[in-house]
Structure formats: structure tokens, C-alpha cells
>>> print(open('target_25.pdb').read())   # PDB, C-alpha atoms and all ligand atoms
ATOM      1  CA  MET A   1      29.067 -17.089  15.586
ATOM      2  CA  LYS A   2      27.029 -14.485  17.287
ATOM      3  CA  ALA A   3      24.071 -13.461  15.189
ATOM      4  CA  THR A   4      21.978 -10.442  15.903
ATOM      5  CA  ILE A   5      18.465 -10.353  14.539
ATOM      6  CA  SER A   6      16.182  -7.441  14.930
ATOM      7  CA  LEU A   7      12.941  -6.046  13.779
ATOM      8  CA  PHE A   8      13.366  -2.332  13.765
ATOM      9  CA  PHE A   9      10.807   0.251  14.456
ATOM     10  CA  SER A  10      10.366   3.957  14.030
ATOM     11  CA  PHE A  11      12.751   4.875  16.825
ATOM     12  CA  PHE A  12      15.575   3.860  14.518
ATOM     13  CA  LEU A  13      14.172   5.572  11.488
ATOM     14  CA  PHE A  14      17.018   7.929  10.818
ATOM     15  CA  LEU A  15      19.886   5.848  12.001
ATOM     16  CA  THR A  16      22.463   4.097   9.941
ATOM     17  CA  PHE A  17      24.200   1.296  11.759
ATOM     18  CA  SER A  18      27.744   0.442  11.033
ATOM     19  CA  VAL A  19      30.584  -1.266  12.762
ATOM     20  CA  SER A  20      34.167  -0.546  11.865
ATOM     21  CA  SER A  21      36.636  -3.326  11.705
ATOM     22  CA  GLN A  22      39.397  -4.732   9.584
ATOM     23  CA  ASN A  23      38.702  -7.842   7.581
ATOM     24  CA  SER A  24      41.707 -10.098   7.847
ATOM     25  CA  GLY A  25      40.669 -13.635   7.133
ATOM     26  CA  ASN A  26      37.269 -12.979   8.602
ATOM     27  CA  TYR A  27      33.895 -12.668   7.005
ATOM     28  CA  THR A  28      30.620 -10.827   7.314
ATOM     29  CA  LEU A  29      27.138 -11.525   5.997
ATOM     30  CA  VAL A  30      24.017  -9.364   6.133
ATOM     31  CA  ILE A  31      20.462 -10.286   5.148
ATOM     32  CA  HIS A  32      17.233  -8.382   4.720
ATOM     33  CA  GLY A  33      13.660  -9.563   4.428
ATOM     34  CA  GLY A  34      12.131  -6.374   3.069
ATOM     35  CA  ALA A  35      11.363  -2.854   4.239
ATOM     36  CA  GLY A  36       7.954  -1.314   4.798
ATOM     37  CA  ASN A  37       5.368  -0.535   7.389
ATOM     38  CA  ILE A  38       6.866  -3.030   9.790
ATOM     39  CA  ALA A  39       5.984  -2.228  13.358
ATOM     40  CA  LYS A  40       5.156  -4.391  16.313
ATOM     41  CA  ALA A  41       1.630  -3.021  16.227
ATOM     42  CA  ASN A  42       1.161  -4.348  12.666
ATOM     43  CA  LEU A  43       2.530  -7.800  13.259
ATOM     44  CA  PRO A  44       1.078 -10.543  15.446
ATOM     45  CA  ALA A  45       3.580 -11.765  18.032
ATOM     46  CA  ASP A  46       3.681 -15.251  16.509
ATOM     47  CA  LYS A  47       4.615 -13.767  13.114
ATOM     48  CA  ILE A  48       7.499 -11.871  14.669
ATOM     49  CA  VAL A  49       8.713 -15.114  16.217
ATOM     50  CA  GLU A  50       8.441 -16.831  12.827
ATOM     51  CA  PHE A  51      10.431 -14.098  11.072
ATOM     52  CA  GLU A  52      13.111 -14.112  13.731
ATOM     53  CA  ALA A  53      13.414 -17.877  13.600
ATOM     54  CA  LYS A  54      13.758 -17.920   9.813
ATOM     55  CA  LEU A  55      16.244 -15.045   9.720
ATOM     56  CA  THR A  56      18.322 -16.754  12.405
ATOM     57  CA  GLU A  57      18.280 -20.007  10.442
ATOM     58  CA  VAL A  58      19.418 -18.176   7.314
ATOM     59  CA  LEU A  59      22.224 -16.385   9.157
ATOM     60  CA  LYS A  60      23.452 -19.627  10.693
ATOM     61  CA  HIS A  61      23.420 -21.209   7.268
ATOM     62  CA  GLY A  62      25.434 -18.326   5.789
ATOM     63  CA  ASP A  63      27.869 -18.514   8.667
ATOM     64  CA  SER A  64      28.465 -22.218   8.115
ATOM     65  CA  ILE A  65      29.283 -21.634   4.443
ATOM     66  CA  LEU A  66      31.688 -18.762   5.070
ATOM     67  CA  LYS A  67      33.296 -20.353   8.105
ATOM     68  CA  ALA A  68      34.116 -23.441   6.045
ATOM     69  CA  GLY A  69      35.888 -21.246   3.497
ATOM     70  CA  GLY A  70      32.989 -20.953   1.062
ATOM     71  CA  THR A  71      32.782 -17.931  -1.194
ATOM     72  CA  SER A  72      30.585 -14.910  -0.650
ATOM     73  CA  LEU A  73      28.911 -15.763  -3.961
ATOM     74  CA  ASP A  74      27.908 -19.215  -2.689
ATOM     75  CA  ALA A  75      26.750 -17.758   0.607
ATOM     76  CA  VAL A  76      24.540 -15.005  -0.814
ATOM     77  CA  GLU A  77      22.922 -17.321  -3.347
ATOM     78  CA  SER A  78      22.260 -20.001  -0.770
ATOM     79  CA  CYS A  79      20.863 -17.614   1.848
ATOM     80  CA  VAL A  80      18.542 -15.999  -0.686
ATOM     81  CA  ARG A  81      17.393 -19.455  -1.832
ATOM     82  CA  MET A  82      16.415 -20.293   1.722
ATOM     83  CA  MET A  83      14.325 -17.158   1.946
ATOM     84  CA  GLU A  84      12.801 -17.828  -1.496
ATOM     85  CA  ASN A  85      11.689 -21.224  -0.199
ATOM     86  CA  SER A  86       9.896 -19.679   2.763
ATOM     87  CA  PRO A  87       6.335 -18.375   2.356
ATOM     88  CA  LEU A  88       7.168 -15.584   4.819
ATOM     89  CA  PHE A  89       8.912 -13.389   2.282
ATOM     90  CA  ASN A  90       7.877 -11.687  -0.912
ATOM     91  CA  ALA A  91      10.272 -13.753  -3.009
ATOM     92  CA  GLY A  92       9.960 -17.228  -4.478
ATOM     93  CA  LYS A  93       7.229 -19.155  -2.635
ATOM     94  CA  GLY A  94       5.738 -16.115  -0.885
ATOM     95  CA  ALA A  95       5.684 -13.763  -3.886
ATOM     96  CA  VAL A  96       2.969 -11.122  -4.136
ATOM     97  CA  PHE A  97       0.419 -10.994  -6.974
ATOM     98  CA  ASN A  98       0.485  -8.522  -9.851
ATOM     99  CA  ALA A  99      -2.498  -6.651 -11.320
ATOM    100  CA  ASP A 100      -3.387  -9.755 -13.298
ATOM    101  CA  GLY A 101      -3.445 -11.992 -10.225
ATOM    102  CA  LYS A 102      -0.160 -13.646 -11.293
ATOM    103  CA  ASN A 103       3.234 -14.018  -9.617
ATOM    104  CA  GLU A 104       6.108 -12.559 -11.636
ATOM    105  CA  LEU A 105       9.499 -12.868 -10.022
ATOM    106  CA  ASP A 106      12.739 -10.892 -10.384
ATOM    107  CA  ALA A 107      16.220 -11.714  -9.053
ATOM    108  CA  ALA A 108      19.851 -10.722  -9.493
ATOM    109  CA  ILE A 109      23.289 -11.674  -8.262
ATOM    110  CA  MET A 110      26.652  -9.952  -8.642
ATOM    111  CA  ASP A 111      30.204 -11.074  -7.998
ATOM    112  CA  GLY A 112      32.349  -8.223  -6.679
ATOM    113  CA  LYS A 113      35.573 -10.012  -7.533
ATOM    114  CA  THR A 114      34.970 -10.435 -11.263
ATOM    115  CA  GLY A 115      32.360  -7.739 -11.832
ATOM    116  CA  LEU A 116      30.139 -10.345 -13.456
ATOM    117  CA  ALA A 117      26.396 -10.262 -12.875
ATOM    118  CA  GLY A 118      23.272 -12.231 -13.748
ATOM    119  CA  ALA A 119      19.558 -11.525 -13.505
ATOM    120  CA  VAL A 120      16.132 -12.856 -14.409
ATOM    121  CA  ALA A 121      12.982 -10.777 -14.701
ATOM    122  CA  GLY A 122       9.274 -11.545 -14.875
ATOM    123  CA  VAL A 123       9.587 -15.296 -14.413
ATOM    124  CA  LYS A 124       6.591 -17.391 -13.373
ATOM    125  CA  THR A 125       7.805 -20.976 -13.150
ATOM    126  CA  ILE A 126      11.364 -20.965 -11.791
ATOM    127  CA  ARG A 127      11.301 -22.166  -8.204
ATOM    128  CA  ASN A 128      14.500 -20.329  -7.263
ATOM    129  CA  PRO A 129      14.997 -17.254  -9.420
ATOM    130  CA  ILE A 130      18.280 -16.431  -7.653
ATOM    131  CA  THR A 131      19.823 -19.685  -8.879
ATOM    132  CA  ALA A 132      18.604 -18.901 -12.379
ATOM    133  CA  ALA A 133      20.232 -15.459 -12.084
ATOM    134  CA  ARG A 134      23.508 -17.121 -11.144
ATOM    135  CA  ALA A 135      23.177 -19.497 -14.079
ATOM    136  CA  VAL A 136      22.691 -16.524 -16.413
ATOM    137  CA  MET A 137      25.901 -15.043 -15.008
ATOM    138  CA  GLU A 138      27.959 -18.212 -15.227
ATOM    139  CA  LYS A 139      26.433 -20.191 -18.083
ATOM    140  CA  SER A 140      25.445 -17.560 -20.629
ATOM    141  CA  ASN A 141      27.031 -14.570 -22.324
ATOM    142  CA  HIS A 142      24.313 -12.306 -21.000
ATOM    143  CA  VAL A 143      23.450 -10.361 -17.890
ATOM    144  CA  MET A 144      19.645 -10.498 -17.896
ATOM    145  CA  LEU A 145      17.069 -12.885 -19.316
ATOM    146  CA  SER A 146      13.352 -12.274 -18.997
ATOM    147  CA  GLY A 147      10.029 -14.123 -19.133
ATOM    148  CA  ILE A 148       9.689 -17.301 -21.139
ATOM    149  CA  GLY A 149      13.261 -17.054 -22.418
ATOM    150  CA  ALA A 150      14.601 -17.047 -18.869
ATOM    151  CA  GLU A 151      12.361 -19.999 -18.008
ATOM    152  CA  THR A 152      13.523 -21.975 -21.033
ATOM    153  CA  PHE A 153      17.135 -21.250 -20.130
ATOM    154  CA  ALA A 154      16.569 -22.309 -16.511
ATOM    155  CA  ALA A 155      15.010 -25.593 -17.658
ATOM    156  CA  GLU A 156      17.935 -26.196 -20.023
ATOM    157  CA  GLN A 157      20.273 -25.681 -17.069
ATOM    158  CA  GLY A 158      18.418 -28.339 -15.109
ATOM    159  CA  LEU A 159      16.963 -25.917 -12.570
ATOM    160  CA  GLU A 160      13.721 -26.759 -10.818
ATOM    161  CA  ILE A 161      10.648 -25.641 -12.744
ATOM    162  CA  VAL A 162       7.303 -25.498 -10.959
ATOM    163  CA  SER A 163       3.766 -24.745 -12.030
ATOM    164  CA  PRO A 164       2.715 -21.118 -11.412
ATOM    165  CA  GLU A 165       0.375 -22.401  -8.659
ATOM    166  CA  TYR A 166       3.403 -23.292  -6.555
ATOM    167  CA  PHE A 167       3.708 -19.581  -5.720
ATOM    168  CA  PHE A 168       0.135 -19.284  -4.431
ATOM    169  CA  THR A 169      -0.198 -18.376  -0.763
ATOM    170  CA  GLN A 170      -3.510 -17.432   0.825
ATOM    171  CA  LEU A 171      -1.956 -14.500   2.655
ATOM    172  CA  ARG A 172      -0.682 -12.847  -0.525
ATOM    173  CA  TRP A 173      -3.895 -13.650  -2.390
ATOM    174  CA  ASP A 174      -5.989 -12.023   0.321
ATOM    175  CA  ALA A 175      -3.680  -8.984   0.231
ATOM    176  CA  TYR A 176      -4.143  -8.824  -3.542
ATOM    177  CA  LEU A 177      -7.949  -9.042  -3.308
ATOM    178  CA  LYS A 178      -7.996  -6.401  -0.596
ATOM    179  CA  ALA A 179      -5.717  -4.075  -2.530
ATOM    180  CA  LYS A 180      -7.844  -4.538  -5.639
ATOM    181  CA  ALA A 181     -11.110  -3.944  -3.804
ATOM    182  CA  ASN A 182      -9.712  -0.758  -2.281
ATOM    183  CA  ALA A 183      -8.428   0.337  -5.681
ATOM    184  CA  ASP A 184      -5.136   0.529  -3.823
ATOM    185  CA  SER A 185      -2.362   1.918  -5.904
ATOM    186  CA  MET A 186       0.926   0.091  -6.231
ATOM    187  CA  ASP A 187       2.435   3.316  -4.953
ATOM    188  CA  ASN A 188       0.933   2.574  -1.587
ATOM    189  CA  MET A 189       4.003   0.516  -1.044
ATOM    190  CA  ASP A 190       4.552   1.223   2.617
ATOM    191  CA  LYS A 191       2.022  -1.494   3.386
ATOM    192  CA  LYS A 192       4.010  -4.129   1.565
ATOM    193  CA  HIS A 193       7.296  -5.756   2.321
ATOM    194  CA  GLY A 194       9.231  -8.947   2.030
ATOM    195  CA  THR A 195      11.782  -8.712  -0.771
ATOM    196  CA  VAL A 196      14.883 -10.607   0.305
ATOM    197  CA  GLY A 197      18.565  -9.886  -0.094
ATOM    198  CA  CYS A 198      21.990 -10.859   1.124
ATOM    199  CA  VAL A 199      25.434  -9.264   0.911
ATOM    200  CA  ALA A 200      28.675 -10.783   2.127
ATOM    201  CA  VAL A 201      32.419 -10.511   2.252
ATOM    202  CA  ASP A 202      34.270 -13.821   2.521
ATOM    203  CA  LYS A 203      37.600 -14.857   4.064
ATOM    204  CA  TYR A 204      39.350 -13.937   0.831
ATOM    205  CA  GLY A 205      38.037 -10.375   0.876
ATOM    206  CA  ASN A 206      35.618 -10.928  -2.022
ATOM    207  CA  LEU A 207      32.206  -9.281  -2.030
ATOM    208  CA  ALA A 208      28.883 -10.486  -3.451
ATOM    209  CA  ALA A 209      25.264  -9.345  -3.474
ATOM    210  CA  ALA A 210      21.989 -11.144  -4.231
ATOM    211  CA  THR A 211      18.372  -9.954  -4.233
ATOM    212  CA  SER A 212      15.079 -11.684  -5.046
ATOM    213  CA  THR A 213      11.495 -10.447  -5.105
ATOM    214  CA  GLY A 214       7.938 -10.898  -6.248
ATOM    215  CA  GLY A 215       7.880  -7.140  -6.826
ATOM    216  CA  MET A 216       4.957  -5.072  -5.626
ATOM    217  CA  THR A 217       1.329  -6.095  -5.160
ATOM    218  CA  LEU A 218      -0.804  -4.907  -8.099
ATOM    219  CA  LYS A 219       2.225  -4.067 -10.209
ATOM    220  CA  LYS A 220       1.328  -3.855 -13.871
ATOM    221  CA  TYR A 221       1.833  -7.188 -15.665
ATOM    222  CA  GLY A 222       5.284  -7.195 -17.202
ATOM    223  CA  ARG A 223       6.582  -4.546 -14.808
ATOM    224  CA  VAL A 224      10.207  -5.088 -13.841
ATOM    225  CA  GLY A 225      11.439  -3.540 -10.602
ATOM    226  CA  ASP A 226      14.872  -2.533  -9.363
ATOM    227  CA  THR A 227      15.867  -5.936  -7.994
ATOM    228  CA  PRO A 228      17.201  -7.446 -11.258
ATOM    229  CA  VAL A 229      18.553  -4.139 -12.554
ATOM    230  CA  ILE A 230      22.276  -4.221 -11.855
ATOM    231  CA  GLY A 231      23.275  -1.007 -10.111
ATOM    232  CA  ALA A 232      19.718  -0.241  -8.983
ATOM    233  CA  GLY A 233      18.672  -2.991  -6.566
ATOM    234  CA  THR A 234      21.793  -5.133  -6.637
ATOM    235  CA  TYR A 235      25.493  -4.309  -6.994
ATOM    236  CA  ALA A 236      28.891  -5.594  -5.858
ATOM    237  CA  ASP A 237      32.435  -4.368  -6.455
ATOM    238  CA  ASN A 238      35.399  -5.527  -4.381
ATOM    239  CA  ASN A 239      36.810  -1.990  -4.428
ATOM    240  CA  THR A 240      33.791  -0.396  -2.822
ATOM    241  CA  CYS A 241      30.845  -2.400  -1.507
ATOM    242  CA  ALA A 242      28.090  -4.944  -2.075
ATOM    243  CA  VAL A 243      24.512  -3.650  -1.883
ATOM    244  CA  SER A 244      21.043  -5.233  -1.896
ATOM    245  CA  ALA A 245      17.993  -2.971  -1.876
ATOM    246  CA  THR A 246      14.343  -3.180  -0.985
ATOM    247  CA  GLY A 247      11.668  -0.566  -1.500
ATOM    248  CA  HIS A 248       9.714   1.203  -4.200
ATOM    249  CA  GLY A 249      11.627  -0.042  -7.216
ATOM    250  CA  GLU A 250      10.902   2.792  -9.611
ATOM    251  CA  PHE A 251      12.746   5.223  -7.316
ATOM    252  CA  PHE A 252      15.643   2.823  -6.917
ATOM    253  CA  ILE A 253      15.966   2.447 -10.675
ATOM    254  CA  ARG A 254      15.797   6.179 -11.383
ATOM    255  CA  ASN A 255      18.404   6.863  -8.719
ATOM    256  CA  VAL A 256      20.622   3.875  -9.599
ATOM    257  CA  VAL A 257      20.742   3.420  -5.846
ATOM    258  CA  ALA A 258      23.123   0.510  -5.349
ATOM    259  CA  TYR A 259      25.695   1.854  -7.783
ATOM    260  CA  ASP A 260      25.285   5.381  -6.461
ATOM    261  CA  ILE A 261      26.383   4.215  -3.015
ATOM    262  CA  ALA A 262      29.462   2.562  -4.534
ATOM    263  CA  ALA A 263      30.189   5.616  -6.690
ATOM    264  CA  ILE A 264      29.960   8.008  -3.738
ATOM    265  CA  MET A 265      32.522   5.864  -1.917
ATOM    266  CA  LYS A 266      34.757   5.685  -4.958
ATOM    267  CA  TYR A 267      34.668   9.256  -6.208
ATOM    268  CA  LYS A 268      33.947  11.181  -3.029
ATOM    269  CA  GLY A 269      35.988   9.033  -0.673
ATOM    270  CA  SER A 270      33.024   8.614   1.658
ATOM    271  CA  THR A 271      32.735   5.715   4.052
ATOM    272  CA  LEU A 272      30.102   3.069   3.388
ATOM    273  CA  ALA A 273      27.886   4.453   6.144
ATOM    274  CA  GLU A 274      28.143   8.014   4.807
ATOM    275  CA  ALA A 275      27.394   6.964   1.235
ATOM    276  CA  ALA A 276      24.471   4.729   2.188
ATOM    277  CA  ASN A 277      23.019   7.391   4.416
ATOM    278  CA  GLU A 278      23.299  10.084   1.749
ATOM    279  CA  VAL A 279      21.442   7.980  -0.804
ATOM    280  CA  VAL A 280      18.726   6.374   1.337
ATOM    281  CA  MET A 281      18.088   8.960   4.036
ATOM    282  CA  ILE A 282      18.565  12.115   1.973
ATOM    283  CA  LYS A 283      18.243  11.593  -1.789
ATOM    284  CA  LEU A 284      15.560   8.913  -1.804
ATOM    285  CA  LYS A 285      13.720  10.241   1.192
ATOM    286  CA  ASN A 286      13.466  13.727  -0.302
ATOM    287  CA  GLN A 287      11.823  12.227  -3.366
ATOM    288  CA  GLY A 288       9.417  10.038  -1.405
ATOM    289  CA  GLY A 289      11.323   6.939  -2.508
ATOM    290  CA  ILE A 290      10.686   4.619   0.378
ATOM    291  CA  GLY A 291      12.811   1.618   1.250
ATOM    292  CA  GLY A 292      16.208   0.620   2.515
ATOM    293  CA  ILE A 293      19.423  -1.193   1.704
ATOM    294  CA  ILE A 294      21.930  -3.523   3.273
ATOM    295  CA  ALA A 295      25.586  -3.143   2.353
ATOM    296  CA  VAL A 296      29.027  -4.393   3.298
ATOM    297  CA  ASP A 297      32.504  -3.230   2.296
ATOM    298  CA  LYS A 298      35.720  -5.203   2.010
ATOM    299  CA  ASN A 299      36.670  -4.465   5.615
ATOM    300  CA  GLY A 300      33.438  -5.920   6.893
ATOM    301  CA  ASN A 301      31.842  -2.564   7.697
ATOM    302  CA  ILE A 302      28.105  -2.753   7.260
ATOM    303  CA  ALA A 303      25.357  -0.192   6.653
ATOM    304  CA  MET A 304      21.614  -0.832   6.786
ATOM    305  CA  PRO A 305      19.731   2.459   6.474
ATOM    306  CA  PHE A 306      16.010   2.499   5.707
ATOM    307  CA  ASN A 307      13.503   5.321   5.553
ATOM    308  CA  THR A 308      10.423   3.165   6.235
ATOM    309  CA  SER A 309       9.122   2.341   9.680
ATOM    310  CA  GLY A 310      10.945  -0.961   9.636
ATOM    311  CA  MET A 311      13.147  -3.394   7.751
ATOM    312  CA  PHE A 312      13.685  -7.040   8.610
ATOM    313  CA  ARG A 313      17.375  -7.583   8.806
ATOM    314  CA  GLY A 314      20.184  -9.336  10.569
ATOM    315  CA  SER A 315      23.911  -9.857  10.316
ATOM    316  CA  PHE A 316      26.853 -11.599  11.842
ATOM    317  CA  GLY A 317      30.514 -11.126  11.606
ATOM    318  CA  PHE A 318      33.732 -11.245  13.431
ATOM    319  CA  ASP A 319      32.669  -8.338  15.604
ATOM    320  CA  SER A 320      29.506  -9.825  17.115
ATOM    321  CA  LEU A 321      27.453  -6.896  16.009
ATOM    322  CA  CYS A 322      25.012  -5.153  18.217
ATOM    323  CA  PHE A 323      22.470  -2.966  16.462
ATOM    324  CA  TYR A 324      21.651  -1.188  19.676
ATOM    325  CA  CYS A 325      25.211  -0.182  20.521
TER     326      CYS A 325
HETATM  327  N1  LIG B 401      12.045  -3.355  -4.745
HETATM  328  C1  LIG B 401      10.998  -4.280  -5.046
HETATM  329  C2  LIG B 401      10.376  -3.871  -6.357
HETATM  330  O1  LIG B 401      10.140  -2.701  -6.558
HETATM  331  C3  LIG B 401       9.924  -4.361  -4.019
HETATM  332  C4  LIG B 401      10.377  -4.441  -2.584
HETATM  333  O2  LIG B 401      11.554  -4.376  -2.307
HETATM  334  O3  LIG B 401       9.532  -4.597  -1.698
HETATM  335  O4  LIG B 401      10.062  -4.725  -7.146
END
>>> encode(input="target_25.pdb", output="C-alpha cells")
Amino acid sequence: MKATISLFFSFFLFLTFSVSSQNSGNYTLVIHGGAGNIAKANLPADKIVEFEAKLTEVLKHGDSILKAGGTSLDAVESCVRMMENSPLFNAGKGAVFNADGKNELDAAIMDGKTGLAGAVAGVKTIRNPITAARAVMEKSNHVMLSGIGAETFAAEQGLEIVSPEYFFTQLRWDAYLKAKANADSMDNMDKKHGTVGCVAVDKYGNLAAATSTGGMTLKKYGRVGDTPVIGAGTYADNNTCAVSATGHGEFFIRNVVAYDIAAIMKYKGSTLAEAANEVVMIKLKNQGGIGGIIAVDKNGNIAMPFNTSGMFRGSFGFDSLCFYC
């Protein structure tokens, strides 16, 4: 496995990276750790090392699952869980604080083979919201559960429940206090990043997508972002692509971003790179909708456009990808 991890800066702002290849018994997995004002100048060198180390660990983990014949669904859930368990990302353990000083988490997963999906929104005590989302998909007749109902369901399913304090991190708390003191608006999103996501195609040609987030610092209590909204922040369909988004959720919901990329491929016959570029670099950008996406199609082509100064991301596949090629 040859993994390529990169932190990307403004030089790459308008580029969409993709690699063409045929998927015959091979597999591809892509992860993101959020888009935003991510530039070397804003990040201490030791933080960059930490991010790279964690992203590499996650990619290696995903590779081991897919190499052993695991499904894309298992791989995306497991990789997102790993990132939820790290305080580095705005998901699970490292979630940001809302206007009330609370952590409210959203997550979704979708299986491109069956078209089934599951999501949880506004949960405060589920250690791994992505696993709860999968349980909603597989163990209930519903697509999305929210708040206390989702937490009750997760407990019934035997998932790990934690006290809300589990999600406290000093870094996010300080960011919350600072944002509050500056009367920062949630719209000032370019300063925030860290939502996590994973898309994959497995050896059997099946696609899956998973996304998890704490949302946006100072979001209004009860606010639900794009992440758990199927078709907005998360989408997978074997016939087109799997997409996981990160960015200012309201724009992603209004533009049904993840589904739009799939629909452009389906109805316009565009390639994944063309469709992703059209939505992220033209439509969203023209509206001031900042963020990015990662996506993969059934042939293992990937696209990772973002219109922010950076997006943590990495991928591996049968083509030993090189972002700088
Ligand atoms: N999309 C997430 C939300 O709006 C935030 C992010 O990706 O940073 O909740």
C-alpha cells in the first residue's frame, strides 16, 4: 500500500485531483479531516506532524480492511470511528461547542450497493455517532434519528454511551470562548475545520460513504448541519459515486451537494472530476459556500476539490496516487 497524505495550501485552491483507472478486484479509500483556513502559517509544525501521523494511521487501517476483502461499508465506518476517537478532529472526541457551550454531534453513513442509509443528529452522549448511524441503517426502519431518541436507540443497541464531558477538549473550549468574546458569527467558518469523512470502493466494486462532525462552533443549539442529511453531506450510489463533504453546512444542504455531484454524473454523463468541480468550485464558490468534498467512483477515480485554503485529506489505491502529479 502506498498512501499519500497531504496538507494542501492555497496553491492548489482551484485544482481538482483525480486519477483514472479501472477497478478490477482492486480498491480505493479516501479520507478527509475537514476543510477551512488550513495553511502552514496557521498550524504549528508539531500539529502538522500529528495530523499526518493520524491520517496515515487511518489510511493504513482502511487498507488492511479492504485488502483482507472487507467491505467498503466496514472500512468507511471503521476509519471514521478512528478519527472520532482522536481529539484532533471536529468529530466525536474533538467536537466543537455550540452556542450553549455544548457538544452536539451529527453523523451519516450510506451503502452504495443497497441504497440504504442511516444518520444521527444532535447527539450528546454517543461516543461514536458513525456507529450509531450504521445501527439506524441496519437495525431500524428509519434513516435518521435525532437527540434523545437517537441516544436511547444507541443504548438499546449496546453502543458505548459516555457522559457529555467526554467530548470536552481545552482547545475547542478556548476556541468557543474566543469566538463568543469576539461575537464571532458561525458564518465565519473559514477559521474552523475538522469534520471527518471517508469514501471507498471495495474489491467487489461496492461504494460507501461516511461523515461525522461536531458541526460549527457557536452553531445555534439544535442546529443540524449537512453531514447527516443524506444527499447533502453524505451520499453513495454504486452507479455513480460516493461523496463525503465538509464545509459550511447550510450551503451544502441548500445545494444538495453530494447528490448533485452524483446527479450530474448520471444525467449529464460527466466524469466524477467534472461533476465535483462544477459543484464545489463553481456553484458553491459563487454563492460563498465554502468547503470541499472527497469522492470516489466505481472505477476508483477520485476527486477532492475544495474552495477553502486547505483540506486535510489522503487516499490510497491501486494506483499509488500522487497529488502533485
Ligand atoms: N459541514 C459541517 C457542518 O456544517 C461542518 C464542517 O464540515 O466543518 O455541520
>>> closest_atom_pairs(input="target_25.pdb", of="chain A", to="ligand LIG 401 (chain B)", cutoff="7 Å", atoms="only C-alpha atoms and all ligand atoms", output="CSV")
residue,atom,partner,partner_atom,distance
A:Gly34,CA,B:LIG401,O3,5.7
A:Ala35,CA,B:LIG401,O3,6.5
A:Lys192,CA,B:LIG401,O3,6.4
A:His193,CA,B:LIG401,O3,4.7
A:Gly194,CA,B:LIG401,O3,5.7
A:Thr195,CA,B:LIG401,O2,4.6
A:Thr213,CA,B:LIG401,C1,6.2
A:Gly214,CA,B:LIG401,O4,6.6
A:Gly215,CA,B:LIG401,O4,3.3
A:Met216,CA,B:LIG401,C3,5.3
A:Val224,CA,B:LIG401,O4,6.7
A:Gly225,CA,B:LIG401,O4,3.9
A:Asp226,CA,B:LIG401,N1,5.5
A:Thr227,CA,B:LIG401,N1,5.6
A:Gly233,CA,B:LIG401,N1,6.9
A:Ala245,CA,B:LIG401,O2,6.6
A:Thr246,CA,B:LIG401,O2,3.3
A:Gly247,CA,B:LIG401,O2,3.9
A:His248,CA,B:LIG401,O1,4.6
A:Gly249,CA,B:LIG401,O1,3.1
A:Glu250,CA,B:LIG401,O1,6.3
>>> closest_residue(input="target_25.pdb", among="A:Leu29, A:Ala39, A:Leu55, A:Ile290", to="Phe89 in chain A", atoms="all atoms listed in the file")
A:Leu55
>>> residues_near_point(input="target_25.pdb", point="(9.6, -11.5, -21.5)", cutoff="12 Å", atoms="all atoms listed in the file", output="ChimeraX atom specification")
/A:104-106,120-124,144-152,221-224
>>> closest_residue(input="target_25.pdb", among="A:Ala200, A:Cys79, A:Ile253, A:Ala95", to="Leu218 in chain A", atoms="all atoms listed in the file")
A:Ala95
>>> axis_aligned_box(input="target_25.pdb", around="range 298-314 of chain A", padding_each_side="3 Å", output="AutoDock Vina command-line options")
--center_x 22.9 --center_y -2.0 --center_z 6.3 --size_x 33.5 --size_y 20.7 --size_z 14.6
>>> resolve_selection(input="target_25.pdb", expression="the PyMOL selection byres (((chain A and resi 266-269) around 12) and not hetatm)", output="mmCIF file with C-alpha atoms, in the coordinates of the input")
data_model
loop_
_atom_site.group_PDB
_atom_site.id
_atom_site.type_symbol
_atom_site.label_atom_id
_atom_site.label_comp_id
_atom_site.auth_asym_id
_atom_site.auth_seq_id
_atom_site.Cartn_x
_atom_site.Cartn_y
_atom_site.Cartn_z
ATOM 1 C CA ASP A 237 32.435 -4.368 -6.455
ATOM 2 C CA ASN A 238 35.399 -5.527 -4.381
ATOM 3 C CA ASN A 239 36.810 -1.990 -4.428
ATOM 4 C CA THR A 240 33.791 -0.396 -2.822
ATOM 5 C CA CYS A 241 30.845 -2.400 -1.507
ATOM 6 C CA TYR A 259 25.695 1.854 -7.783
ATOM 7 C CA ASP A 260 25.285 5.381 -6.461
ATOM 8 C CA ILE A 261 26.383 4.215 -3.015
ATOM 9 C CA ALA A 262 29.462 2.562 -4.534
ATOM 10 C CA ALA A 263 30.189 5.616 -6.690
ATOM 11 C CA ILE A 264 29.960 8.008 -3.738
ATOM 12 C CA MET A 265 32.522 5.864 -1.917
ATOM 13 C CA SER A 270 33.024 8.614 1.658
ATOM 14 C CA THR A 271 32.735 5.715 4.052
ATOM 15 C CA LEU A 272 30.102 3.069 3.388
ATOM 16 C CA ALA A 273 27.886 4.453 6.144
ATOM 17 C CA GLU A 274 28.143 8.014 4.807
ATOM 18 C CA ALA A 275 27.394 6.964 1.235
ATOM 19 C CA GLU A 278 23.299 10.084 1.749
ATOM 20 C CA ASP A 297 32.504 -3.230 2.296
#
>>> atom_distance(input="target_25.pdb", atom1="CA of Glu84 in chain A", atom2="CA of Leu66 in chain A")
20.0 Å
>>> atom_distance(input="target_25.pdb", atom1="CA of Ile65 in chain A", atom2="CA of Gly292 in chain A")
25.9 Å
>>> residues_around(input="target_25.pdb", residues="Thr234 in chain A", least_positions_apart="3", cutoff="8 Å", atoms="only C-alpha atoms", output="number ranges by chain")
A: 108-110, 209-211, 226-231, 242-245, 258
>>> atom_distance(input="target_25.pdb", atom1="CA of Thr217 in chain A", atom2="CA of Tyr176 in chain A")
6.3 Å
